[in-house]
Amino acid sequence: MFQNTSAKGIGVVFAVLGVILFSAKAVMVKLAYTYNVDYLTLLLFRMLFALPFYALIALFTKPKSSEKASLKDYLWLILFGFLGYYLASLFDFMGLQYIKAGLERIILFIYPTIVVLLSFIFFKKKLTRNQFLAILITYLGVLVTFWDEIGLSGEAVYLGGFLIFMSALTYAAYLVGSGWLIPKFGVLRFTSFAMIVSTVCVLLHYFLVSDGDLFNYPKEVYYLGLAMALFSTLLPSFLVSEAINRLGASTFSIFGSLGPISTIVLAFFFLDERITYLQIFGMVIVIFGVMLVSKKK
């Protein structure tokens, strides 16, 4: 009993840290955009700088002996790596061309609900009362937090909304797949292989559509790319995988609602963006929802 409680507590800490570190990426992206770098090049730098670390970890970690991964499992891993850190990001960036960031965050954070639905459809995992209440409360909090930023203007808003929904769907599919495959590969190997797959996808995409020069950007772009690779990709990817391993995909997904909240706080300190009283109220609601799902049964 005490071991399970301790494992869950550590999982909660890993989930919170992972989400906060991932959300710091948005602040670094905004800083990098001031140097006239496009999103695809920035994404490429982020993945390339992280790639050697993932390759070394994949090379020197041994597979789990308790349950050997089959060829089919590796094919599923490739699919989920493609979905989670490549396709979900691509849909998100594409959708942001058509709608405001506030509306994007509200649509994107329906993914906890999608995770629960997918987990029930494919693995018959039922939603607990605390999970149900936490999803409702955290989504309400995100809605309140970004209420003033919602923009519904222009003919392309439906296209943008659809693309952001696809981002939420693909990321939810990745989380569900992670919860299923991590026990077979182990946290380190699964995360490393998934990120290597995503990096290959980004590389292929870049060289198919771009003819830009990767070596003529200001040094600050490379520094920010490296910082994103280490602090908003490498570290949080392992923290998130371990959190999913300890908590399950459905419970972890609810912690994702802390992402936009931590982005607001980080933007306040690093980008001088103001925080309104309505946003503070929304943050309190989200934190309450996360605390609810973190409680012992």
# chains A, B, ... in the order shown; residues from 1 in each chain; ligands from 1
call {"tool": "closest_atom_pairs", "arguments": {"of": "range 259-291 of chain A", "to": "range 18-34 of chain A", "cutoff": "12 Å", "atoms": "only C-alpha atoms", "output": "Markdown table"}}
result
| residue | atom | partner | partner_atom | distance |
| --- | --- | --- | --- | --- |
| A:Gly259 | CA | A:Ser23 | CA | 5.2 |
| A:Pro260 | CA | A:Ser23 | CA | 6.9 |
| A:Ile261 | CA | A:Ser23 | CA | 8.7 |
| A:Ser262 | CA | A:Ile20 | CA | 5.9 |
| A:Thr263 | CA | A:Ser23 | CA | 5.5 |
| A:Ile264 | CA | A:Val27 | CA | 9.1 |
| A:Val265 | CA | A:Ala24 | CA | 9.7 |
| A:Leu266 | CA | A:Ala24 | CA | 6.9 |
| A:Ala267 | CA | A:Val27 | CA | 6.1 |
| A:Phe268 | CA | A:Val27 | CA | 9.8 |
| A:Phe269 | CA | A:Val27 | CA | 9.9 |
| A:Phe270 | CA | A:Val27 | CA | 7.5 |
| A:Leu271 | CA | A:Val27 | CA | 7.4 |
| A:Asp272 | CA | A:Val27 | CA | 10.9 |
| A:Glu273 | CA | A:Val27 | CA | 10.7 |
call {"tool": "write_last_selection", "arguments": {"atoms": "N, CA and C atoms", "output": "compact mmCIF listing (two decimals), in the first residue's frame"}}
result
# COMPACT_ATOMS: atom_id res chain seq x y z
N GLY A 259 -0.28 22.98 -18.37
CA GLY A 259 0.59 23.52 -19.41
C GLY A 259 0.32 24.96 -19.75
N PRO A 260 -0.92 25.30 -20.16
CA PRO A 260 -1.19 26.70 -20.50
C PRO A 260 -1.07 27.63 -19.30
N ILE A 261 -1.33 27.10 -18.09
CA ILE A 261 -1.20 27.92 -16.89
C ILE A 261 0.27 28.28 -16.64
N SER A 262 1.14 27.29 -16.74
CA SER A 262 2.56 27.56 -16.52
C SER A 262 3.13 28.44 -17.63
N THR A 263 2.58 28.33 -18.84
CA THR A 263 3.02 29.19 -19.93
C THR A 263 2.73 30.66 -19.61
N ILE A 264 1.55 30.92 -19.06
CA ILE A 264 1.19 32.30 -18.68
C ILE A 264 2.16 32.84 -17.64
N VAL A 265 2.46 32.02 -16.64
CA VAL A 265 3.36 32.47 -15.57
C VAL A 265 4.77 32.73 -16.12
N LEU A 266 5.27 31.82 -16.94
CA LEU A 266 6.61 31.97 -17.53
C LEU A 266 6.66 33.19 -18.45
N ALA A 267 5.58 33.41 -19.21
CA ALA A 267 5.53 34.57 -20.10
C ALA A 267 5.53 35.88 -19.31
N PHE A 268 4.93 35.85 -18.12
CA PHE A 268 4.93 37.03 -17.25
C PHE A 268 6.35 37.40 -16.84
N PHE A 269 7.17 36.40 -16.52
CA PHE A 269 8.53 36.65 -16.05
C PHE A 269 9.53 36.91 -17.19
N PHE A 270 9.37 36.22 -18.31
CA PHE A 270 10.38 36.29 -19.38
C PHE A 270 9.97 37.13 -20.58
N LEU A 271 8.66 37.34 -20.76
CA LEU A 271 8.21 38.11 -21.93
C LEU A 271 7.45 39.37 -21.54
N ASP A 272 7.38 39.65 -20.24
CA ASP A 272 6.69 40.84 -19.73
C ASP A 272 5.22 40.88 -20.14
N GLU A 273 4.59 39.73 -20.26
CA GLU A 273 3.16 39.69 -20.56
C GLU A 273 2.38 39.79 -19.25
call {"tool": "residues_around", "arguments": {"residues": "range 162-177 of chain A", "least_positions_apart": "2", "cutoff": "6 Å", "atoms": "only C-alpha atoms", "output": "list in words"}}
result
Phe80, Leu83, Gly84, Ala88, Phe91, Asp92, Gly95, Leu108, Tyr111, Val115, Leu159, Gly160, Gly179, Trp180 and Ala249 of chain A
call {"tool": "closest_residue", "arguments": {"among": "A:Phe120, A:Phe190, A:Trp76, A:Tyr139", "to": "Phe255 in chain A", "atoms": "only C-alpha atoms"}}
result
A:Tyr139
call {"tool": "closest_atom_pairs", "arguments": {"of": "range 7-60 of chain A", "to": "range 194-198 of chain A", "cutoff": "9 Å", "atoms": "only C-alpha atoms", "output": "Markdown table"}}
result
| residue | atom | partner | partner_atom | distance |
| --- | --- | --- | --- | --- |
| A:Met47 | CA | A:Ser198 | CA | 8.0 |
| A:Ala50 | CA | A:Met195 | CA | 8.7 |
| A:Leu51 | CA | A:Ile196 | CA | 6.5 |
| A:Tyr54 | CA | A:Ile196 | CA | 6.8 |
| A:Ala55 | CA | A:Ile196 | CA | 7.2 |
call {"tool": "atom_distance", "arguments": {"atom1": "CA of Glu220 in chain A", "atom2": "CA of Ser192 in chain A"}}
result
26.8 Å
call {"tool": "closest_residue", "arguments": {"among": "A:Gly11, A:Ser6, A:Asn130, A:Arg46", "to": "Ala227 in chain A", "atoms": "only C-alpha atoms"}}
result
A:Arg46
call {"tool": "atom_distance", "arguments": {"atom1": "CA of Gly161 in chain A", "atom2": "CA of Leu140 in chain A"}}
result
18.5 Å
call {"tool": "select_by_dssp", "arguments": {"residues": "range 117-252 of chain A", "states": "alpha helix (DSSP H)", "output": "number ranges by chain"}}
result
A: 117-123, 129-145, 157-185, 187-209, 219-229, 235-247, 249-252
call {"tool": "write_last_selection", "arguments": {"atoms": "C-alpha atoms", "output": "short mmCIF file (atom, residue, chain, number, x, y, z; two decimals), in the first residue's frame"}}
result
data_model
loop_
_atom_site.label_atom_id
_atom_site.label_comp_id
_atom_site.auth_asym_id
_atom_site.auth_seq_id
_atom_site.Cartn_x
_atom_site.Cartn_y
_atom_site.Cartn_z
CA LEU A 117 -12.48 7.77 -24.51
CA LEU A 118 -9.66 6.00 -26.37
CA SER A 119 -8.60 4.16 -23.21
CA PHE A 120 -12.18 2.95 -22.75
CA ILE A 121 -12.65 1.97 -26.43
CA PHE A 122 -9.38 0.07 -26.79
CA PHE A 123 -8.58 -1.07 -23.24
CA ARG A 129 -15.38 9.73 -10.30
CA ASN A 130 -12.32 11.82 -9.42
CA GLN A 131 -11.02 11.69 -13.01
CA PHE A 132 -14.41 12.77 -14.38
CA LEU A 133 -14.68 15.71 -11.97
CA ALA A 134 -11.04 16.68 -12.56
CA ILE A 135 -11.52 16.78 -16.35
CA LEU A 136 -14.60 19.01 -16.00
CA ILE A 137 -12.95 21.33 -13.47
CA THR A 138 -9.61 21.69 -15.27
CA TYR A 139 -11.27 22.30 -18.64
CA LEU A 140 -13.50 24.94 -17.06
CA GLY A 141 -10.38 26.54 -15.58
CA VAL A 142 -8.60 26.65 -18.95
CA LEU A 143 -11.75 28.14 -20.54
CA VAL A 144 -11.94 30.86 -17.87
CA THR A 145 -8.20 31.58 -18.09
CA VAL A 157 -11.52 29.72 -38.25
CA TYR A 158 -13.24 26.37 -38.83
CA LEU A 159 -10.20 25.03 -40.67
CA GLY A 160 -7.94 26.22 -37.84
CA GLY A 161 -10.22 24.69 -35.23
CA PHE A 162 -10.24 21.37 -37.10
CA LEU A 163 -6.43 21.32 -37.31
CA ILE A 164 -6.08 22.00 -33.57
CA PHE A 165 -8.61 19.26 -32.86
CA MET A 166 -6.49 16.89 -34.96
CA SER A 167 -3.48 17.93 -32.86
CA ALA A 168 -5.39 17.05 -29.69
CA LEU A 169 -6.51 13.72 -31.18
CA THR A 170 -3.03 12.64 -32.30
CA TYR A 171 -1.43 13.65 -29.00
CA ALA A 172 -4.13 11.76 -27.09
CA ALA A 173 -3.45 8.68 -29.25
CA TYR A 174 0.25 8.98 -28.39
CA LEU A 175 -0.50 9.14 -24.65
CA VAL A 176 -2.73 6.07 -24.81
CA GLY A 177 -0.14 4.19 -26.86
CA SER A 178 2.55 5.20 -24.39
CA GLY A 179 0.64 3.72 -21.48
CA TRP A 180 0.38 0.43 -23.35
CA LEU A 181 3.92 0.17 -24.75
CA ILE A 182 6.09 1.61 -21.96
CA PRO A 183 5.85 -1.58 -19.83
CA LYS A 184 7.16 -3.59 -22.80
CA PHE A 185 10.12 -1.34 -23.66
CA VAL A 187 10.62 4.25 -20.03
CA LEU A 188 14.08 5.13 -21.37
CA ARG A 189 13.99 2.93 -24.48
CA PHE A 190 10.41 3.76 -25.41
CA THR A 191 10.94 7.51 -25.10
CA SER A 192 14.26 7.44 -26.96
CA PHE A 193 12.90 5.39 -29.86
CA ALA A 194 9.74 7.51 -30.13
CA MET A 195 11.76 10.73 -30.23
CA ILE A 196 14.18 9.33 -32.81
CA VAL A 197 11.20 8.47 -35.04
CA SER A 198 9.84 12.00 -34.59
CA THR A 199 13.22 13.54 -35.44
CA VAL A 200 13.46 11.52 -38.66
CA CYS A 201 9.96 12.72 -39.61
CA VAL A 202 10.90 16.36 -38.98
CA LEU A 203 14.11 15.96 -41.01
CA LEU A 204 12.25 14.45 -43.97
CA HIS A 205 9.60 17.16 -43.81
CA TYR A 206 12.18 19.94 -43.67
CA PHE A 207 14.26 18.73 -46.60
CA LEU A 208 11.15 18.07 -48.70
CA VAL A 209 9.65 21.55 -48.34
CA LYS A 219 23.85 32.52 -32.44
CA GLU A 220 20.89 33.20 -30.15
CA VAL A 221 18.71 30.95 -32.35
CA TYR A 222 21.08 28.02 -31.83
CA TYR A 223 21.29 28.68 -28.08
CA LEU A 224 17.51 28.70 -27.83
CA GLY A 225 17.31 25.56 -29.97
CA LEU A 226 19.73 23.81 -27.62
CA ALA A 227 17.83 25.02 -24.55
CA MET A 228 14.58 23.70 -26.03
CA ALA A 229 16.27 20.38 -26.83
CA LEU A 235 14.12 16.05 -19.74
CA PRO A 236 10.33 16.40 -19.91
CA SER A 237 9.93 13.55 -22.41
CA PHE A 238 11.37 11.11 -19.86
CA LEU A 239 9.48 12.70 -16.97
CA VAL A 240 6.19 12.41 -18.88
CA SER A 241 6.84 8.79 -19.87
CA GLU A 242 7.65 7.83 -16.29
CA ALA A 243 4.57 9.72 -15.04
CA ILE A 244 2.39 7.79 -17.52
CA ASN A 245 4.04 4.57 -16.36
CA ARG A 246 3.18 5.34 -12.72
CA LEU A 247 -0.20 7.08 -13.07
CA ALA A 249 -2.44 7.80 -19.46
CA SER A 250 -5.91 8.96 -18.33
CA THR A 251 -4.73 10.43 -15.04
CA PHE A 252 -1.60 11.98 -16.54
#
call {"tool": "closest_residue", "arguments": {"among": "A:Ala58, A:Ile275, A:Ala156, A:Ser70", "to": "Ile99 in chain A", "atoms": "only C-alpha atoms"}}
result
A:Ala156
call {"tool": "closest_residue", "arguments": {"among": "A:Ser210, A:Asp148, A:Tyr85, A:Val16", "to": "Val290 in chain A", "atoms": "only C-alpha atoms"}}
result
A:Val16
call {"tool": "atom_distance", "arguments": {"atom1": "CA of Phe49 in chain A", "atom2": "CA of Gly81 in chain A"}}
result
17.5 Å
call {"tool": "decode", "arguments": {"residues": "range 25-41 of chain A", "atoms": "N, CA and C atoms", "output": "mmCIF file, in the first residue's frame"}}
result
data_model
loop_
_atom_site.group_PDB
_atom_site.id
_atom_site.type_symbol
_atom_site.label_atom_id
_atom_site.label_comp_id
_atom_site.auth_asym_id
_atom_site.auth_seq_id
_atom_site.Cartn_x
_atom_site.Cartn_y
_atom_site.Cartn_z
ATOM 1 N N LYS A 25 8.653 25.658 -23.591
ATOM 2 C CA LYS A 25 8.992 25.721 -25.018
ATOM 3 C C LYS A 25 8.317 26.916 -25.698
ATOM 4 N N ALA A 26 7.064 27.194 -25.327
ATOM 5 C CA ALA A 26 6.336 28.286 -25.973
ATOM 6 C C ALA A 26 7.029 29.623 -25.765
ATOM 7 N N VAL A 27 7.575 29.830 -24.568
ATOM 8 C CA VAL A 27 8.282 31.081 -24.274
ATOM 9 C C VAL A 27 9.562 31.169 -25.104
ATOM 10 N N MET A 28 10.300 30.056 -25.185
ATOM 11 C CA MET A 28 11.544 30.053 -25.972
ATOM 12 C C MET A 28 11.265 30.219 -27.466
ATOM 13 N N VAL A 29 10.147 29.666 -27.933
ATOM 14 C CA VAL A 29 9.767 29.841 -29.338
ATOM 15 C C VAL A 29 9.489 31.316 -29.632
ATOM 16 N N LYS A 30 8.757 31.977 -28.730
ATOM 17 C CA LYS A 30 8.467 33.400 -28.921
ATOM 18 C C LYS A 30 9.744 34.230 -28.948
ATOM 19 N N LEU A 31 10.683 33.884 -28.072
ATOM 20 C CA LEU A 31 11.965 34.590 -28.060
ATOM 21 C C LEU A 31 12.730 34.356 -29.366
ATOM 22 N N ALA A 32 12.707 33.119 -29.871
ATOM 23 C CA ALA A 32 13.424 32.783 -31.101
ATOM 24 C C ALA A 32 12.812 33.464 -32.316
ATOM 25 N N TYR A 33 11.482 33.635 -32.320
ATOM 26 C CA TYR A 33 10.818 34.257 -33.465
ATOM 27 C C TYR A 33 11.255 35.709 -33.686
ATOM 28 N N THR A 34 11.803 36.328 -32.653
ATOM 29 C CA THR A 34 12.290 37.701 -32.817
ATOM 30 C C THR A 34 13.525 37.760 -33.712
ATOM 31 N N TYR A 35 14.117 36.591 -34.004
ATOM 32 C CA TYR A 35 15.303 36.530 -34.865
ATOM 33 C C TYR A 35 14.959 36.022 -36.262
ATOM 34 N N ASN A 36 13.659 36.115 -36.632
ATOM 35 C CA ASN A 36 13.202 35.788 -37.990
ATOM 36 C C ASN A 36 13.534 34.358 -38.417
ATOM 37 N N VAL A 37 13.269 33.411 -37.544
ATOM 38 C CA VAL A 37 13.417 32.001 -37.886
ATOM 39 C C VAL A 37 12.013 31.409 -38.018
ATOM 40 N N ASP A 38 11.784 30.544 -39.011
ATOM 41 C CA ASP A 38 10.459 29.961 -39.203
ATOM 42 C C ASP A 38 10.276 28.761 -38.276
ATOM 43 N N TYR A 39 9.020 28.373 -38.081
ATOM 44 C CA TYR A 39 8.705 27.342 -37.087
ATOM 45 C C TYR A 39 9.301 25.986 -37.446
ATOM 46 N N LEU A 40 9.350 25.648 -38.735
ATOM 47 C CA LEU A 40 9.863 24.336 -39.120
ATOM 48 C C LEU A 40 11.369 24.234 -38.849
ATOM 49 N N THR A 41 12.105 25.310 -39.132
ATOM 50 C CA THR A 41 13.546 25.318 -38.856
ATOM 51 C C THR A 41 13.800 25.238 -37.354
#
